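Everything below belongs to target_31.txt, which stores compact mmCIF, C-alpha atoms.
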# COMPACT_ATOMS: atom_id res chain seq x y z
CA MET O 1 -85.17 -28.36 -13.99
CA PRO O 2 -85.85 -30.22 -10.70
CA LYS O 3 -83.32 -30.18 -7.91
CA LYS O 4 -80.80 -33.02 -7.90
CA ARG O 5 -81.42 -35.43 -5.05
CA ARG O 6 -78.51 -36.93 -3.22
CA LYS O 7 -77.88 -38.38 0.19
CA LEU O 8 -77.24 -35.62 2.70
CA ASP O 9 -76.47 -35.90 6.39
CA VAL O 10 -79.43 -33.62 7.14
CA VAL O 11 -82.84 -34.89 8.23
CA CYS O 12 -86.30 -33.34 8.11
CA SER O 13 -87.00 -31.36 11.28
CA ASN O 14 -90.78 -31.26 10.83
CA LYS O 15 -92.35 -33.60 13.42
CA LYS O 16 -95.49 -33.99 11.27
CA CYS O 17 -93.51 -35.28 8.26
CA ARG O 18 -93.51 -39.01 7.45
CA ARG O 19 -89.74 -38.87 7.01
CA TYR O 20 -89.05 -36.92 10.21
CA ASN O 21 -85.56 -37.60 11.58
CA LYS O 22 -84.89 -40.40 9.02
CA LYS O 23 -81.48 -40.27 7.41
CA GLY O 24 -80.40 -41.18 3.87
CA LEU O 25 -83.81 -41.17 2.14
CA LYS O 26 -82.93 -38.50 -0.46
CA ASN O 27 -85.93 -36.41 0.52
CA ILE O 28 -83.77 -33.39 1.46
CA VAL O 29 -82.52 -31.02 -1.24
CA ARG O 30 -80.43 -27.88 -1.02
CA ASN O 31 -82.54 -24.79 -1.50
CA GLY O 32 -80.36 -21.66 -1.64
CA LYS O 33 -78.55 -19.88 1.15
CA LYS O 34 -79.57 -17.52 3.91
CA GLN O 35 -78.25 -13.99 4.29
CA ASN O 36 -75.45 -15.08 6.64
CA GLY O 37 -74.27 -17.82 4.25
CA THR O 38 -76.01 -20.75 5.99
CA GLN O 39 -77.23 -23.45 3.59
CA ASN O 40 -81.01 -23.69 3.35
CA TYR O 41 -82.63 -27.14 2.91
CA LYS O 42 -86.08 -28.30 1.84
CA CYS O 43 -87.88 -31.58 2.48
CA THR O 44 -89.55 -32.79 -0.71
CA GLU O 45 -92.06 -34.81 1.31
CA CYS O 46 -93.60 -32.00 3.40
CA ASN O 47 -92.13 -28.94 1.56
CA LYS O 48 -90.81 -27.42 4.80
CA GLN O 49 -87.63 -25.38 4.63
CA PHE O 50 -85.04 -25.38 7.39
CA VAL O 51 -81.38 -24.79 8.12
CA ARG O 52 -78.81 -27.07 9.71
CA THR O 53 -78.28 -24.66 12.59
CA LYS O 54 -81.72 -25.23 14.13
CA GLY O 55 -81.29 -25.95 17.84
CA THR O 56 -77.88 -24.30 18.01
CA PRO O 57 -76.77 -20.81 19.09
CA LEU O 58 -76.34 -19.96 15.40
CA TYR O 59 -80.06 -20.35 14.65
CA TYR O 60 -81.64 -17.03 13.61
CA SER O 61 -78.23 -15.38 13.72
CA LYS O 62 -77.25 -12.93 11.02
CA LEU O 63 -73.61 -13.31 11.99
CA PRO O 64 -71.51 -15.91 10.16
CA LYS O 65 -70.35 -18.96 12.10
CA LYS O 66 -66.76 -17.69 12.02
CA GLU O 67 -67.75 -14.42 13.72
CA VAL O 68 -69.77 -16.16 16.44
CA LYS O 69 -66.82 -18.45 17.11
CA ASN O 70 -64.51 -15.43 17.33
CA ILE O 71 -66.83 -13.72 19.82
CA CYS O 72 -66.99 -16.89 21.93
CA ASN O 73 -63.18 -17.11 21.92
CA HIS O 74 -63.12 -13.61 23.43
CA PHE O 75 -65.58 -14.74 26.11
CA VAL O 76 -63.28 -17.62 27.00
CA GLU O 77 -60.44 -15.12 27.49
CA LYS O 78 -62.70 -13.36 30.04
CA ASN O 79 -62.84 -10.10 28.10
CA SER O 80 -65.57 -7.61 28.97
CA PHE O 81 -68.59 -7.24 26.70
CA ARG O 82 -67.44 -3.80 25.61
CA GLY O 83 -63.92 -5.14 24.98
CA VAL O 84 -65.32 -7.93 22.82
CA ALA O 85 -67.44 -5.41 20.91
CA ARG O 86 -64.40 -3.22 20.22
CA ALA O 87 -62.17 -6.14 19.23
CA THR O 88 -64.71 -7.75 16.89
CA LYS O 89 -66.17 -4.46 15.58
CA HIS O 90 -69.74 -5.54 16.34
CA SER O 91 -72.34 -3.61 18.30
CA LEU O 92 -72.66 -4.17 22.02
CA ASN O 93 -76.22 -5.44 21.49
CA ALA O 94 -74.95 -8.08 19.03
CA ILE O 95 -72.43 -9.25 21.64
CA TYR O 96 -75.20 -9.43 24.27
CA ARG O 97 -77.38 -11.50 21.90
CA VAL O 98 -74.56 -13.97 21.17
CA ALA O 99 -73.76 -14.29 24.89
CA ASP O 100 -77.44 -14.89 25.69
CA LYS O 101 -77.89 -17.54 22.98
CA VAL O 102 -74.67 -19.38 23.82
CA GLY O 103 -75.42 -19.23 27.54
CA LYS O 104 -78.91 -20.67 27.11
CA HIS O 105 -77.58 -23.42 24.86
CA CYS O 106 -74.92 -24.32 27.44
CA GLU O 107 -77.59 -24.46 30.15
CA LYS O 108 -79.60 -26.95 28.06
CA VAL O 109 -76.52 -29.14 27.56
CA ASP O 110 -75.72 -28.99 31.28
CA GLU O 111 -79.30 -29.91 32.18
CA GLU O 112 -79.11 -33.00 29.95
CA PHE O 113 -75.95 -34.16 31.70
CA LEU O 114 -77.20 -33.35 35.17
CA VAL O 115 -80.57 -35.09 34.73
CA ASP O 116 -79.71 -38.20 32.73
CA LEU O 117 -76.36 -38.97 34.33
CA ASN O 118 -77.10 -37.76 37.86
CA LEU O 119 -73.94 -35.63 37.92
CA ASP O 120 -73.29 -32.55 39.99
CA MET O 121 -71.83 -29.41 38.41
CA VAL O 122 -68.20 -30.29 39.20
CA GLU O 123 -68.45 -33.72 37.57
CA ALA O 124 -70.09 -32.26 34.45
CA ASP O 125 -67.32 -29.65 34.23
CA GLU O 126 -64.69 -32.41 34.47
CA ILE O 127 -66.34 -34.31 31.62
CA PHE O 128 -66.31 -31.22 29.38
CA SER O 129 -62.65 -30.58 30.26
CA PHE O 130 -61.78 -34.17 29.37
CA ILE O 131 -63.65 -33.96 26.05
CA LYS O 132 -61.91 -30.70 25.18
CA LYS O 133 -58.48 -32.21 25.90
CA ARG O 134 -59.29 -35.32 23.84
CA ARG O 135 -60.30 -33.18 20.85
CA LYS O 136 -57.02 -31.30 20.96
CA THR O 137 -54.92 -34.47 21.08
CA ALA O 138 -57.05 -36.26 18.46
CA SER O 139 -56.69 -33.42 15.97
CA ALA O 140 -52.94 -33.19 16.66
CA LYS O 141 -52.44 -36.90 15.84
CA VAL O 142 -54.16 -36.68 12.45

Output the file's structure in the form of structure tokens.
Amino acid sequence: MPKKRRKLDVVCSNKKCRRYNKKGLKNIVRNGKKQNGTQNYKCTECNKQFVRTKGTPLYYSKLPKKEVKNICNHFVEKNSFRGVARATKHSLNAIYRVADKVGKHCEKVDEEFLVDLNLDMVEADEIFSFIKKRRKTASAKV
């Protein structure tokens, strides 16, 4: 029985595909799950498989999203790497990998702001602080 096609908010990530980055065309179907619970998708046009986490720190991670978020919360609290490893019961190498991936992703985001908006580091930090505060108040109002 063929896979049911429905509109998903996921787009094909294959640059060679005719439907690359086009939303709502029903060419994307769900195609099982990865080992860490991440939904796997397939483009029916080019037959490429991909996951939603491509381009994020969760890409190629065996840890569930909830665990990565927990580890990052420990980083925010300025805990040591060994302290985070003990608290989350993950290996020190896993903590290093998460820190490396998240750090590189943050650098990419910072570079986008610094190049396109001509901001210095202090102004970019203020923008992120403002966004974080707005999220907290927006979710509290709902």

- Query: Quick one: distance from CA of Glu111 in chain O to CA of Ala124 in chain O in Å, one decimal?
  - Reply: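 So the two atoms, CA of Glu111 in chain O and CA of Ala124 in chain O, lie 9.8 Å apart.
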
- Grab the CA of Ile131 in chain O to CA of Cys106 in chain O distance for me, in Å with one decimal place. 14.9 Å

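Taking CA of Lys89 in chain O and CA of Gln39 in chain O as the two end points, the separation is 25.0 Å.
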
Around all the atoms of range 127-133 of chain O listed in the file, with 5 Å of room on each side, what axis-aligned box do you get, giving centre and edge lengths in Å to one decimal, as JSON?
{"center_x": -62.4, "center_y": -32.4, "center_z": 28.4, "size_x": 17.9, "size_y": 13.7, "size_z": 16.4}

- Message: Taking only C-alpha atoms into account, name the residue in O:Lys16, O:Asn93, O:Lys48, O:Ala99 that is nearest to Lys69 in chain O.
- Response: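 Result for the nearest residue to Lys69 in chain O: O:Ala99.
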
Considering all atoms listed in the file, return as a PDB file with C-alpha atoms, in the frame of the given file whatever protein or nucleic-acid residues lie within 6 Å of Tyr41 in chain O, sequence-local ones (same chain, fewer than 3 positions apart) excluded.
ATOM      1  CA  VAL O  29     -82.520 -31.020  -1.240  1.00  0.00           C
ATOM      2  CA  ARG O  30     -80.430 -27.880  -1.020  1.00  0.00           C
ATOM      3  CA  ASN O  31     -82.540 -24.790  -1.500  1.00  0.00           C
ATOM      4  CA  GLN O  49     -87.630 -25.380   4.630  1.00  0.00           C
ATOM      5  CA  PHE O  50     -85.040 -25.380   7.390  1.00  0.00           C
ATOM      6  CA  VAL O  51     -81.380 -24.790   8.120  1.00  0.00           C
TER       7      VAL O  51
END
